[in-house]
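Peer 1: Below is the file final03.pdb, with PDB, C-alpha atoms, pLDDT in the B column.
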ATOM      1  CA  MET A  26       0.000   0.000   0.000  1.00 72.00           C
ATOM      2  CA  LYS A  27       1.252   3.467  -0.890  1.00 87.00           C
ATOM      3  CA  THR A  28       2.229   5.922   1.836  1.00 93.00           C
ATOM      4  CA  THR A  29       2.705   9.669   1.837  1.00 95.00           C
ATOM      5  CA  SER A  30       6.135  11.252   1.688  1.00 95.00           C
ATOM      6  CA  PHE A  31       7.933  12.435   4.804  1.00 95.00           C
ATOM      7  CA  TRP A  32       7.300  16.065   3.848  1.00 97.00           C
ATOM      8  CA  THR A  33       3.603  15.456   3.298  1.00 97.00           C
ATOM      9  CA  ARG A  34       3.353  13.994   6.785  1.00 96.00           C
ATOM     10  CA  ILE A  35       5.208  16.996   8.207  1.00 97.00           C
ATOM     11  CA  LYS A  36       2.897  19.385   6.341  1.00 97.00           C
ATOM     12  CA  ARG A  37      -0.246  17.620   7.535  1.00 98.00           C
ATOM     13  CA  THR A  38       1.021  17.598  11.104  1.00 97.00           C
ATOM     14  CA  PHE A  39       1.734  21.326  10.985  1.00 97.00           C
ATOM     15  CA  LEU A  40      -1.652  22.117   9.426  1.00 97.00           C
ATOM     16  CA  MET A  41      -3.513  19.968  11.973  1.00 95.00           C
ATOM     17  CA  PHE A  42      -1.667  21.639  14.835  1.00 93.00           C
ATOM     18  CA  ARG A  43      -2.590  25.050  13.434  1.00 95.00           C
ATOM     19  CA  TRP A  44      -6.175  23.834  13.006  1.00 93.00           C
ATOM     20  CA  LEU A  45      -6.279  22.748  16.645  1.00 88.00           C
ATOM     21  CA  LEU A  46      -5.050  26.131  17.787  1.00 88.00           C
ATOM     22  CA  SER A  47      -7.708  27.861  15.681  1.00 90.00           C
ATOM     23  CA  LEU A  48     -10.468  25.912  17.437  1.00 86.00           C
ATOM     24  CA  PHE A  49      -9.896  27.770  20.685  1.00 81.00           C
ATOM     25  CA  SER A  50     -10.965  31.024  19.054  1.00 82.00           C
ATOM     26  CA  ARG A  51     -13.662  29.436  16.869  1.00 84.00           C
ATOM     27  CA  PHE A  52     -15.331  27.557  19.744  1.00 82.00           C
ATOM     28  CA  ARG A  53     -14.630  29.952  22.619  1.00 77.00           C
ATOM     29  CA  HIS A  54     -18.081  31.570  22.633  1.00 77.00           C
ATOM     30  CA  LEU A  55     -20.213  28.859  21.031  1.00 77.00           C
ATOM     31  CA  GLU A  56     -22.671  28.906  23.931  1.00 74.00           C
ATOM     32  CA  GLN A  57     -23.483  32.541  23.103  1.00 79.00           C
ATOM     33  CA  VAL A  58     -24.561  32.022  19.481  1.00 83.00           C
ATOM     34  CA  ASP A  59     -27.802  30.615  18.112  1.00 86.00           C
ATOM     35  CA  LEU A  60     -28.104  26.926  17.226  1.00 82.00           C
ATOM     36  CA  ALA A  61     -27.891  27.393  13.439  1.00 84.00           C
ATOM     37  CA  THR A  62     -24.706  29.458  13.727  1.00 87.00           C
ATOM     38  CA  ARG A  63     -23.195  26.951  16.135  1.00 85.00           C
ATOM     39  CA  LYS A  64     -23.870  24.092  13.715  1.00 86.00           C
ATOM     40  CA  ASN A  65     -22.289  26.012  10.824  1.00 89.00           C
ATOM     41  CA  ILE A  66     -19.142  26.757  12.853  1.00 90.00           C
ATOM     42  CA  ILE A  67     -18.778  23.112  13.887  1.00 90.00           C
ATOM     43  CA  ARG A  68     -19.467  21.858  10.346  1.00 91.00           C
ATOM     44  CA  GLN A  69     -16.852  24.138   8.786  1.00 94.00           C
ATOM     45  CA  ALA A  70     -14.222  23.201  11.379  1.00 94.00           C
ATOM     46  CA  ALA A  71     -14.834  19.501  10.680  1.00 94.00           C
ATOM     47  CA  LEU A  72     -14.628  20.002   6.913  1.00 96.00           C
ATOM     48  CA  ASP A  73     -11.341  21.864   7.342  1.00 97.00           C
ATOM     49  CA  ALA A  74      -9.835  18.952   9.285  1.00 96.00           C
ATOM     50  CA  LEU A  75     -11.008  16.408   6.711  1.00 97.00           C
ATOM     51  CA  THR A  76      -9.493  18.510   3.920  1.00 97.00           C
ATOM     52  CA  ILE A  77      -6.110  18.644   5.664  1.00 98.00           C
ATOM     53  CA  LEU A  78      -6.106  14.850   6.069  1.00 97.00           C
ATOM     54  CA  ASN A  79      -7.378  14.313   2.507  1.00 97.00           C
ATOM     55  CA  VAL A  80     -10.496  12.506   3.704  1.00 97.00           C
ATOM     56  CA  HIS A  81     -13.343  12.485   1.182  1.00 96.00           C
ATOM     57  CA  LEU A  82     -16.993  12.021   2.103  1.00 95.00           C
ATOM     58  CA  ASP A  83     -19.033   9.657  -0.044  1.00 93.00           C
ATOM     59  CA  THR A  84     -22.606   9.779   1.172  1.00 88.00           C
ATOM     60  CA  ASP A  85     -26.105   9.500  -0.111  1.00 75.00           C
ATOM     61  CA  LYS A  86     -28.245  12.579   0.388  1.00 67.00           C
ATOM     62  CA  LEU A  87     -29.208  13.082   4.003  1.00 67.00           C
ATOM     63  CA  PRO A  88     -32.944  12.810   4.600  1.00 60.00           C
ATOM     64  CA  GLU A  89     -34.736  16.136   4.786  1.00 61.00           C
ATOM     65  CA  ASN A  90     -35.107  17.453   8.304  1.00 58.00           C
ATOM     66  CA  ILE A  91     -38.828  16.840   8.592  1.00 48.00           C
ATOM     67  CA  TYR A  92     -38.707  16.975  12.379  1.00 52.00           C
ATOM     68  CA  LYS A  93     -38.431  20.233  14.270  1.00 57.00           C
ATOM     69  CA  THR A  94     -36.899  18.494  17.261  1.00 69.00           C
ATOM     70  CA  GLY A  95     -33.264  17.403  17.401  1.00 87.00           C
ATOM     71  CA  ARG A  96     -32.089  13.971  16.386  1.00 92.00           C
ATOM     72  CA  LEU A  97     -30.362  11.276  18.378  1.00 95.00           C
ATOM     73  CA  VAL A  98     -27.550  10.379  15.977  1.00 95.00           C
ATOM     74  CA  VAL A  99     -26.033   6.897  16.308  1.00 97.00           C
ATOM     75  CA  ALA A 100     -23.142   5.381  14.349  1.00 97.00           C
ATOM     76  CA  ASN A 101     -20.646   2.568  14.435  1.00 97.00           C
ATOM     77  CA  HIS A 102     -17.305   3.597  15.916  1.00 96.00           C
ATOM     78  CA  ILE A 103     -13.962   3.011  14.169  1.00 97.00           C
ATOM     79  CA  SER A 104     -11.770   6.077  14.498  1.00 95.00           C
ATOM     80  CA  TRP A 105     -11.460   9.561  15.949  1.00 93.00           C
ATOM     81  CA  LEU A 106     -12.113  10.598  12.348  1.00 96.00           C
ATOM     82  CA  ASP A 107     -15.731   9.546  12.956  1.00 96.00           C
ATOM     83  CA  ILE A 108     -16.269  12.731  14.960  1.00 92.00           C
ATOM     84  CA  PHE A 109     -15.138  14.933  12.053  1.00 94.00           C
ATOM     85  CA  VAL A 110     -17.210  12.957   9.555  1.00 95.00           C
ATOM     86  CA  ILE A 111     -20.395  13.171  11.618  1.00 94.00           C
ATOM     87  CA  SER A 112     -19.818  16.833  12.498  1.00 92.00           C
ATOM     88  CA  ALA A 113     -19.432  17.665   8.804  1.00 93.00           C
ATOM     89  CA  LEU A 114     -22.787  16.048   8.020  1.00 91.00           C
ATOM     90  CA  LEU A 115     -24.886  16.477  11.155  1.00 90.00           C
ATOM     91  CA  PRO A 116     -23.191  18.771  13.692  1.00 89.00           C
ATOM     92  CA  SER A 117     -23.954  17.298  17.092  1.00 89.00           C
ATOM     93  CA  GLY A 118     -23.013  17.271  20.703  1.00 87.00           C
ATOM     94  CA  PHE A 119     -21.232  14.022  21.543  1.00 87.00           C
ATOM     95  CA  ILE A 120     -21.279  11.532  24.390  1.00 83.00           C
ATOM     96  CA  ALA A 121     -17.683  10.573  25.044  1.00 75.00           C
ATOM     97  CA  MET A 122     -15.622   8.569  27.496  1.00 73.00           C
ATOM     98  CA  LYS A 123     -14.507  10.636  30.479  1.00 76.00           C
ATOM     99  CA  GLU A 124     -10.845   9.912  29.646  1.00 76.00           C
ATOM    100  CA  MET A 125     -11.110  12.239  26.637  1.00 75.00           C
ATOM    101  CA  ARG A 126     -11.456  15.227  28.946  1.00 76.00           C
ATOM    102  CA  SER A 127      -7.781  14.838  29.947  1.00 77.00           C
ATOM    103  CA  TRP A 128      -6.459  14.658  26.363  1.00 72.00           C
ATOM    104  CA  PRO A 129      -4.178  17.625  25.620  1.00 69.00           C
ATOM    105  CA  MET A 130      -6.035  20.396  23.766  1.00 65.00           C
ATOM    106  CA  ILE A 131      -8.663  17.992  22.375  1.00 69.00           C
ATOM    107  CA  GLY A 132     -10.285  17.525  25.764  1.00 71.00           C
ATOM    108  CA  LYS A 133     -10.807  21.257  26.240  1.00 69.00           C
ATOM    109  CA  ILE A 134     -12.119  21.692  22.710  1.00 71.00           C
ATOM    110  CA  ALA A 135     -14.549  18.792  23.207  1.00 72.00           C
ATOM    111  CA  GLU A 136     -15.805  20.426  26.382  1.00 71.00           C
ATOM    112  CA  ASN A 137     -16.358  23.744  24.588  1.00 70.00           C
ATOM    113  CA  VAL A 138     -18.601  22.174  21.924  1.00 71.00           C
ATOM    114  CA  GLY A 139     -20.865  20.618  24.545  1.00 68.00           C
ATOM    115  CA  THR A 140     -19.517  17.088  24.842  1.00 77.00           C
ATOM    116  CA  VAL A 141     -21.034  15.106  27.700  1.00 76.00           C
ATOM    117  CA  PHE A 142     -18.405  12.919  29.363  1.00 77.00           C
ATOM    118  CA  ILE A 143     -19.545   9.573  30.700  1.00 74.00           C
ATOM    119  CA  ASP A 144     -17.963   7.079  33.069  1.00 72.00           C
ATOM    120  CA  ARG A 145     -18.622   3.821  31.238  1.00 64.00           C
ATOM    121  CA  SER A 146     -17.829   1.797  34.370  1.00 66.00           C
ATOM    122  CA  ASN A 147     -20.449   3.566  36.495  1.00 67.00           C
ATOM    123  CA  ARG A 148     -24.046   2.673  35.700  1.00 66.00           C
ATOM    124  CA  LYS A 149     -25.235   5.435  38.047  1.00 70.00           C
ATOM    125  CA  ASP A 150     -24.187   7.891  35.332  1.00 72.00           C
ATOM    126  CA  ILE A 151     -26.848   6.641  32.927  1.00 84.00           C
ATOM    127  CA  GLU A 152     -29.921   8.414  34.309  1.00 87.00           C
ATOM    128  CA  PRO A 153     -28.374  11.919  34.470  1.00 85.00           C
ATOM    129  CA  ILE A 154     -26.758  11.407  31.050  1.00 87.00           C
ATOM    130  CA  ASN A 155     -30.124  10.495  29.523  1.00 92.00           C
ATOM    131  CA  ALA A 156     -31.682  13.541  31.174  1.00 90.00           C
ATOM    132  CA  ALA A 157     -28.928  15.771  29.734  1.00 86.00           C
ATOM    133  CA  ILE A 158     -29.468  14.308  26.258  1.00 90.00           C
ATOM    134  CA  VAL A 159     -33.240  14.853  26.479  1.00 92.00           C
ATOM    135  CA  GLN A 160     -32.658  18.477  27.426  1.00 88.00           C
ATOM    136  CA  GLN A 161     -30.449  19.013  24.362  1.00 86.00           C
ATOM    137  CA  LEU A 162     -32.829  17.198  22.005  1.00 91.00           C
ATOM    138  CA  ASN A 163     -35.730  19.328  23.196  1.00 90.00           C
ATOM    139  CA  THR A 164     -33.840  22.485  22.175  1.00 87.00           C
ATOM    140  CA  GLY A 165     -33.525  21.184  18.614  1.00 88.00           C
ATOM    141  CA  ALA A 166     -29.862  20.209  18.949  1.00 87.00           C
ATOM    142  CA  ASN A 167     -28.529  16.907  17.650  1.00 90.00           C
ATOM    143  CA  VAL A 168     -26.796  14.573  20.084  1.00 92.00           C
ATOM    144  CA  CYS A 169     -24.561  11.736  18.873  1.00 93.00           C
ATOM    145  CA  PHE A 170     -23.289   8.651  20.623  1.00 92.00           C
ATOM    146  CA  PHE A 171     -21.576   5.421  19.617  1.00 94.00           C
ATOM    147  CA  PRO A 172     -23.642   2.559  21.078  1.00 95.00           C
ATOM    148  CA  GLU A 173     -20.852  -0.006  20.656  1.00 94.00           C
ATOM    149  CA  ALA A 174     -19.102   1.925  23.465  1.00 88.00           C
ATOM    150  CA  ARG A 175     -15.669   1.212  21.985  1.00 90.00           C
ATOM    151  CA  THR A 176     -13.865   1.333  18.654  1.00 93.00           C
ATOM    152  CA  THR A 177     -13.478  -1.628  16.304  1.00 95.00           C
ATOM    153  CA  PHE A 178     -11.516  -2.430  13.158  1.00 95.00           C
ATOM    154  CA  GLY A 179     -14.616  -1.508  11.138  1.00 94.00           C
ATOM    155  CA  ASN A 180     -15.294  -4.925   9.589  1.00 95.00           C
ATOM    156  CA  ASN A 181     -18.405  -5.576  11.668  1.00 96.00           C
ATOM    157  CA  ILE A 182     -20.071  -4.117  14.731  1.00 96.00           C
ATOM    158  CA  LEU A 183     -20.142  -5.119  18.375  1.00 96.00           C
ATOM    159  CA  PRO A 184     -23.436  -5.733  20.206  1.00 96.00           C
ATOM    160  CA  LEU A 185     -24.893  -2.318  20.947  1.00 97.00           C
ATOM    161  CA  LYS A 186     -25.535  -0.936  24.424  1.00 94.00           C
ATOM    162  CA  ALA A 187     -29.171  -0.040  25.002  1.00 95.00           C
ATOM    163  CA  ALA A 188     -29.004   2.437  27.888  1.00 93.00           C
ATOM    164  CA  LEU A 189     -28.761   5.759  26.035  1.00 94.00           C
ATOM    165  CA  PHE A 190     -31.513   4.903  23.547  1.00 96.00           C
ATOM    166  CA  GLN A 191     -33.830   5.710  26.445  1.00 96.00           C
ATOM    167  CA  SER A 192     -33.238   9.401  25.762  1.00 95.00           C
ATOM    168  CA  ALA A 193     -34.927   9.201  22.342  1.00 96.00           C
ATOM    169  CA  ILE A 194     -37.877   7.397  23.924  1.00 96.00           C
ATOM    170  CA  ASN A 195     -38.187   9.975  26.694  1.00 96.00           C
ATOM    171  CA  ALA A 196     -37.862  12.937  24.326  1.00 94.00           C
ATOM    172  CA  GLN A 197     -39.847  11.300  21.505  1.00 93.00           C
ATOM    173  CA  SER A 198     -37.070  12.416  19.180  1.00 94.00           C
ATOM    174  CA  PRO A 199     -36.143  10.773  15.882  1.00 94.00           C
ATOM    175  CA  ILE A 200     -33.141   8.475  15.681  1.00 96.00           C
ATOM    176  CA  GLN A 201     -30.727   9.043  12.792  1.00 94.00           C
ATOM    177  CA  ILE A 202     -28.453   6.098  11.939  1.00 95.00           C
ATOM    178  CA  LEU A 203     -25.139   6.631  10.136  1.00 96.00           C
ATOM    179  CA  ALA A 204     -23.121   3.619   8.945  1.00 97.00           C
ATOM    180  CA  LEU A 205     -19.427   4.431   8.419  1.00 97.00           C
ATOM    181  CA  ARG A 206     -16.965   2.485   6.232  1.00 97.00           C
ATOM    182  CA  TYR A 207     -13.414   3.621   5.452  1.00 97.00           C
ATOM    183  CA  TYR A 208     -11.501   2.945   2.227  1.00 97.00           C
ATOM    184  CA  SER A 209      -7.989   3.545   0.945  1.00 95.00           C
ATOM    185  CA  GLU A 210      -7.013   2.777  -2.641  1.00 90.00           C
ATOM    186  CA  ASN A 211     -10.596   1.571  -3.220  1.00 89.00           C
ATOM    187  CA  GLN A 212     -10.312  -1.112  -0.540  1.00 93.00           C
ATOM    188  CA  ARG A 213     -11.761  -1.282   2.962  1.00 95.00           C
ATOM    189  CA  THR A 214      -9.033  -0.334   5.388  1.00 95.00           C
ATOM    190  CA  GLU A 215      -8.361  -0.930   9.075  1.00 94.00           C
ATOM    191  CA  LYS A 216      -5.564   1.637   9.155  1.00 94.00           C
ATOM    192  CA  VAL A 217      -7.856   4.394  10.396  1.00 96.00           C
ATOM    193  CA  SER A 218      -8.987   2.288  13.353  1.00 95.00           C
ATOM    194  CA  PHE A 219      -8.381   3.691  16.821  1.00 92.00           C
ATOM    195  CA  HIS A 220      -8.695   0.268  18.419  1.00 89.00           C
ATOM    196  CA  ASN A 221      -5.987  -0.663  20.923  1.00 86.00           C
ATOM    197  CA  ILE A 222      -3.542   2.093  19.924  1.00 88.00           C
ATOM    198  CA  ASN A 223      -2.801   5.516  21.359  1.00 89.00           C
ATOM    199  CA  LEU A 224      -3.770   8.811  19.759  1.00 87.00           C
ATOM    200  CA  LEU A 225      -0.275   9.681  18.514  1.00 91.00           C
ATOM    201  CA  PHE A 226       0.275   6.341  16.756  1.00 93.00           C
ATOM    202  CA  SER A 227      -3.208   6.516  15.251  1.00 94.00           C
ATOM    203  CA  PHE A 228      -2.525  10.030  13.944  1.00 95.00           C
ATOM    204  CA  LEU A 229       0.779   8.914  12.373  1.00 95.00           C
ATOM    205  CA  LYS A 230      -0.976   6.045  10.589  1.00 95.00           C
ATOM    206  CA  ILE A 231      -3.676   8.315   9.200  1.00 97.00           C
ATOM    207  CA  ILE A 232      -1.345  11.035   7.884  1.00 97.00           C
ATOM    208  CA  SER A 233       0.623   8.266   6.134  1.00 97.00           C
ATOM    209  CA  LEU A 234      -2.367   7.369   3.957  1.00 97.00           C
ATOM    210  CA  PRO A 235      -2.369   9.342   0.689  1.00 96.00           C
ATOM    211  CA  GLU A 236      -6.154   9.493   0.537  1.00 96.00           C
ATOM    212  CA  ILE A 237      -9.067   8.200   2.591  1.00 97.00           C
ATOM    213  CA  THR A 238     -12.665   7.825   1.479  1.00 97.00           C
ATOM    214  CA  VAL A 239     -15.414   7.326   4.034  1.00 97.00           C
ATOM    215  CA  LYS A 240     -18.718   5.994   2.813  1.00 96.00           C
ATOM    216  CA  VAL A 241     -21.607   7.115   4.976  1.00 96.00           C
ATOM    217  CA  ASP A 242     -24.890   5.283   4.541  1.00 94.00           C
ATOM    218  CA  THR A 243     -27.831   7.120   6.043  1.00 91.00           C
ATOM    219  CA  PHE A 244     -31.246   5.850   7.021  1.00 91.00           C
ATOM    220  CA  ILE A 245     -34.558   7.659   7.184  1.00 88.00           C
ATOM    221  CA  PRO A 246     -34.850   8.935  10.763  1.00 91.00           C
ATOM    222  CA  PHE A 247     -37.496   7.124  12.778  1.00 93.00           C
ATOM    223  CA  LEU A 248     -39.319   7.769  16.011  1.00 94.00           C
ATOM    224  CA  PRO A 249     -39.039   4.988  18.622  1.00 94.00           C
ATOM    225  CA  GLU A 250     -41.900   2.586  18.057  1.00 89.00           C
ATOM    226  CA  SER A 251     -41.545   1.006  21.484  1.00 90.00           C
ATOM    227  CA  ASP A 252     -40.964   2.116  25.057  1.00 94.00           C
ATOM    228  CA  ASP A 253     -38.518  -0.774  25.367  1.00 96.00           C
ATOM    229  CA  ARG A 254     -35.013   0.586  24.685  1.00 96.00           C
ATOM    230  CA  PHE A 255     -33.769  -2.937  23.960  1.00 97.00           C
ATOM    231  CA  GLU A 256     -36.216  -3.266  21.067  1.00 97.00           C
ATOM    232  CA  VAL A 257     -35.054   0.085  19.723  1.00 97.00           C
ATOM    233  CA  LYS A 258     -31.428  -0.985  20.114  1.00 97.00           C
ATOM    234  CA  ASP A 259     -32.069  -4.250  18.264  1.00 97.00           C
ATOM    235  CA  LYS A 260     -33.581  -2.399  15.302  1.00 97.00           C
ATOM    236  CA  VAL A 261     -30.596  -0.057  15.047  1.00 97.00           C
ATOM    237  CA  GLU A 262     -28.129  -2.923  15.425  1.00 97.00           C
ATOM    238  CA  GLY A 263     -29.720  -4.933  12.620  1.00 97.00           C
ATOM    239  CA  LEU A 264     -29.716  -2.017  10.186  1.00 96.00           C
ATOM    240  CA  LEU A 265     -26.125  -1.056  10.999  1.00 97.00           C
ATOM    241  CA  ARG A 266     -24.737  -4.583  10.767  1.00 96.00           C
ATOM    242  CA  GLU A 267     -26.338  -5.237   7.372  1.00 96.00           C
ATOM    243  CA  VAL A 268     -24.502  -2.282   5.827  1.00 96.00           C
ATOM    244  CA  ILE A 269     -21.164  -2.697   7.628  1.00 97.00           C
ATOM    245  CA  VAL A 270     -20.700  -6.348   6.625  1.00 96.00           C
ATOM    246  CA  SER A 271     -22.008  -5.862   3.072  1.00 93.00           C
ATOM    247  CA  ASP A 272     -18.497  -5.557   1.592  1.00 92.00           C
ATOM    248  CA  SER A 273     -16.392  -6.386   4.628  1.00 93.00           C
ATOM    249  CA  PRO A 274     -13.215  -8.332   3.798  1.00 91.00           C
ATOM    250  CA  ASN A 275     -13.220  -9.988   7.232  1.00 91.00           C
ATOM    251  CA  PRO A 276     -16.508  -9.672   9.147  1.00 91.00           C
ATOM    252  CA  ASN A 277     -15.201 -11.947  11.917  1.00 90.00           C
ATOM    253  CA  ARG A 278     -12.373  -9.543  12.752  1.00 89.00           C
ATOM    254  CA  ILE A 279     -14.008  -6.963  14.983  1.00 88.00           C
ATOM    255  CA  VAL A 280     -11.709  -6.366  17.936  1.00 81.00           C
ATOM    256  CA  VAL A 281      -8.648  -7.962  19.485  1.00 63.00           C
ATOM    257  CA  GLU A 282      -9.045  -8.293  23.200  1.00 53.00           C
ATOM    258  CA  GLU A 283      -6.535  -6.392  25.286  1.00 46.00           C
ATOM    259  CA  THR A 284      -4.147  -8.493  27.343  1.00 35.00           C
ATOM    260  CA  VAL A 285      -3.124  -7.756  30.921  1.00 30.00           C
TER
END
Would you write out, as structure tokens, the structure that this file holds?
Peer 2:
Amino acid sequence: MKTTSFWTRIKRTFLMFRWLLSLFSRFRHLEQVDLATRKNIIRQAALDALTILNVHLDTDKLPENIYKTGRLVVANHISWLDIFVISALLPSGFIAMKEMRSWPMIGKIAENVGTVFIDRSNRKDIEPINAAIVQQLNTGANVCFFPEARTTFGNNILPLKAALFQSAINAQSPIQILALRYYSENQRTEKVSFHNINLLFSFLKIISLPEITVKVDTFIPFLPESDDRFEVKDKVEGLLREVIVSDSPNPNRIVVEETV
């Protein structure tokens, strides 16, 4: 597989660092602007990052926003690039692992755009998190989470967690599914995966790829048809898995368990 030149990697690193610095001024007063302006600022910042990394979006047309309320956006989780991809299409607040808050620069930026940090090991967090999501949805904002609760290699999906689907039921807000698949040189690639590697190594792998294409399959948003979050979760899981495995080179390779 082809890789970028040393100087291309240096250039991308410099541009991404400059992009990160620019976010502090772009996102500093986001809470003071109206929702439409906030979404445009987030969308443009995401598109800028994707351009620097030479990531191209290949997506069918997003369904028209026929609902006045916000959407609960759910997607499979492969890479930190997912956040840029989703923000470029449907700017959203994100639910993220609490560890992200301590990441240099990125943690502060995530906080400024309204990220809700969750302790995945503490089930007592679920009720207040759902309440926070409902509050955002009722304002017309989109909220996104990754129901696998961890990254994979992108060949298939893990069983989804049901807990946060309760927010869509409580708010009676539509659920928008996005199925993400990454390609390099016209082949599905695992090189963008953030599974079991640190942020620096993942970044170095991504800037070494000459070009990345991410195919985003969208589904018509639907209102929860049941008060049972497990039924809602099962519907989302079935739709996601069908798309993700449709051209997967190795659907049995999902994650490699960490060793102690």
Peer 1: Apply the PyMOL selection byres ((chain A and resi 208-217) around 9) to the displayed file and report the matching residues as a ChimeraX atom specification.
Peer 2: /A:26-27,103-106,177-180,206-207,218-219,227-228,230-231,234-240,272-274
Peer 1: Can you tell me how far CA of Val98 (chain A) sits from CA of Leu40 (chain A), in Å to one decimal?
Peer 2: 29.2 Å
Peer 1: Please determine the residues with any atom at most 9 Å from (-1.9, 14.6, 11.0) (coordinates as given in the file, with all atoms listed in the file counting) and report them as a list in words.
Peer 2: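 The answer, in the requested form, is Arg34, Ile35, Lys36, Arg37, Thr38, Phe39, Leu40, Met41, Phe42, Ile77, Leu78, Phe228, Leu229, Lys230, Ile231, Ile232 and Ser233 of chain A.
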Peer 1: Write out as a PyMOL selection string the residues lying within 9 Å of region 195-203 of chain A, counting all atoms listed in the file and excluding same-chain residues fewer than 4 positions away.
Peer 2: chain A and resi 92+94-101+111+155-156+158-160+162-163+190-191+241-249+252+261+264-265
Peer 1: Record the distance separating CA of Ile151 (chain A) and CA of Glu136 (chain A), expressed in Å with one decimal.
Peer 2: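 The value is 18.8 Å.
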Peer 1: Quote the spacing between CA of Lys258 (chain A) and CA of Ile182 (chain A) in Å to one decimal place.
Peer 2: 13.0 Å
Peer 1: Fewer than 4 positions away in the same chain doesn't count, so skip those; otherwise give me all residues within 10 Å of Gly263 (chain A), counting only C-alpha atoms, as a CSV table (one decimal) with C-alpha atoms, in the frame of the given file.
Peer 2:
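Now in around_27.csv:
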chain,number,residue,atom,x,y,z
A,182,ILE,CA,-20.1,-4.1,14.7
A,184,PRO,CA,-23.4,-5.7,20.2
A,185,LEU,CA,-24.9,-2.3,20.9
A,258,LYS,CA,-31.4,-1.0,20.1
A,259,ASP,CA,-32.1,-4.2,18.3
A,267,GLU,CA,-26.3,-5.2,7.4
A,268,VAL,CA,-24.5,-2.3,5.8
Peer 1: So, with only C-alpha atoms as the atoms that count, which of A:Ser117, A:Ser47, A:Asp253, A:Ile269 lies closest to Asn65 (chain A)?
Peer 2: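 Of the candidates, the smallest distance to Asn65 (chain A) is held by A:Ser117.
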Peer 1: Could you check which of A:Asp73, A:Leu48, A:Ile154, A:Asp85 is closest to Ala135 (chain A), using all atoms listed in the file?
Peer 2: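 Ranked by minimum distance to Ala135 (chain A), first place goes to A:Leu48.
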Peer 1: Name the closest residue to Arg63 (chain A) among the candidates A:Ser112, A:Ser127, A:Thr176, A:Asn223; distances are taken between atoms, counting all atoms listed in the file.
Peer 2: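 Of A:Ser112, A:Ser127, A:Thr176, A:Asn223, the one nearest Arg63 (chain A), counting all atoms listed in the file, is A:Ser112.
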Peer 1: Taking the file as I've supplied it (selection: the PyMOL selection byres ((chain A and resi 173) around 6)), which residues are included? Please answer as a list in words.
Peer 2: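 For this structure, the PyMOL selection byres ((chain A and resi 173) around 6) resolves to Phe171, Pro172, Ala174, Arg175, Leu183 and Leu185 of chain A.
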Peer 1: Translate the PyMOL selection byres ((chain A and resi 123) around 10), as applied to the file shown, into an explicit residue set as number ranges by chain.
Peer 2: A: 120-122, 124-128, 132, 140-145
Peer 1: Once you've located region 160-172 of chain A in the structure I gave, write it as a PDB file, in the first residue's frame, keeping N, CA and C atoms.
Peer 2:
ATOM      1  N   GLN A 160     -32.643  17.011  27.372  1.00  0.00           N
ATOM      2  CA  GLN A 160     -32.658  18.477  27.426  1.00  0.00           C
ATOM      3  C   GLN A 160     -32.117  19.077  26.135  1.00  0.00           C
ATOM      4  N   GLN A 161     -31.019  18.513  25.610  1.00  0.00           N
ATOM      5  CA  GLN A 161     -30.449  19.013  24.362  1.00  0.00           C
ATOM      6  C   GLN A 161     -31.371  18.744  23.177  1.00  0.00           C
ATOM      7  N   LEU A 162     -31.934  17.540  23.107  1.00  0.00           N
ATOM      8  CA  LEU A 162     -32.829  17.198  22.005  1.00  0.00           C
ATOM      9  C   LEU A 162     -34.038  18.128  21.969  1.00  0.00           C
ATOM     10  N   ASN A 163     -34.543  18.477  23.134  1.00  0.00           N
ATOM     11  CA  ASN A 163     -35.730  19.328  23.196  1.00  0.00           C
ATOM     12  C   ASN A 163     -35.454  20.760  22.745  1.00  0.00           C
ATOM     13  N   THR A 164     -34.185  21.149  22.692  1.00  0.00           N
ATOM     14  CA  THR A 164     -33.840  22.485  22.175  1.00  0.00           C
ATOM     15  C   THR A 164     -33.677  22.480  20.662  1.00  0.00           C
ATOM     16  N   GLY A 165     -33.731  21.297  20.052  1.00  0.00           N
ATOM     17  CA  GLY A 165     -33.525  21.184  18.614  1.00  0.00           C
ATOM     18  C   GLY A 165     -32.112  20.808  18.234  1.00  0.00           C
ATOM     19  N   ALA A 166     -31.240  20.603  19.226  1.00  0.00           N
ATOM     20  CA  ALA A 166     -29.862  20.209  18.949  1.00  0.00           C
ATOM     21  C   ALA A 166     -29.787  18.713  18.671  1.00  0.00           C
ATOM     22  N   ASN A 167     -28.811  18.322  17.850  1.00  0.00           N
ATOM     23  CA  ASN A 167     -28.529  16.907  17.650  1.00  0.00           C
ATOM     24  C   ASN A 167     -27.551  16.430  18.721  1.00  0.00           C
ATOM     25  N   VAL A 168     -27.729  15.195  19.148  1.00  0.00           N
ATOM     26  CA  VAL A 168     -26.796  14.573  20.084  1.00  0.00           C
ATOM     27  C   VAL A 168     -26.376  13.227  19.493  1.00  0.00           C
ATOM     28  N   CYS A 169     -25.081  12.967  19.475  1.00  0.00           N
ATOM     29  CA  CYS A 169     -24.561  11.736  18.873  1.00  0.00           C
ATOM     30  C   CYS A 169     -23.872  10.879  19.920  1.00  0.00           C
ATOM     31  N   PHE A 170     -24.082   9.570  19.817  1.00  0.00           N
ATOM     32  CA  PHE A 170     -23.289   8.651  20.623  1.00  0.00           C
ATOM     33  C   PHE A 170     -23.009   7.385  19.823  1.00  0.00           C
ATOM     34  N   PHE A 171     -21.995   6.662  20.272  1.00  0.00           N
ATOM     35  CA  PHE A 171     -21.576   5.421  19.617  1.00  0.00           C
ATOM     36  C   PHE A 171     -21.991   4.255  20.502  1.00  0.00           C
ATOM     37  N   PRO A 172     -23.080   3.566  20.167  1.00  0.00           N
ATOM     38  CA  PRO A 172     -23.642   2.559  21.078  1.00  0.00           C
ATOM     39  C   PRO A 172     -22.819   1.283  21.213  1.00  0.00           C
TER      40      PRO A 172
END
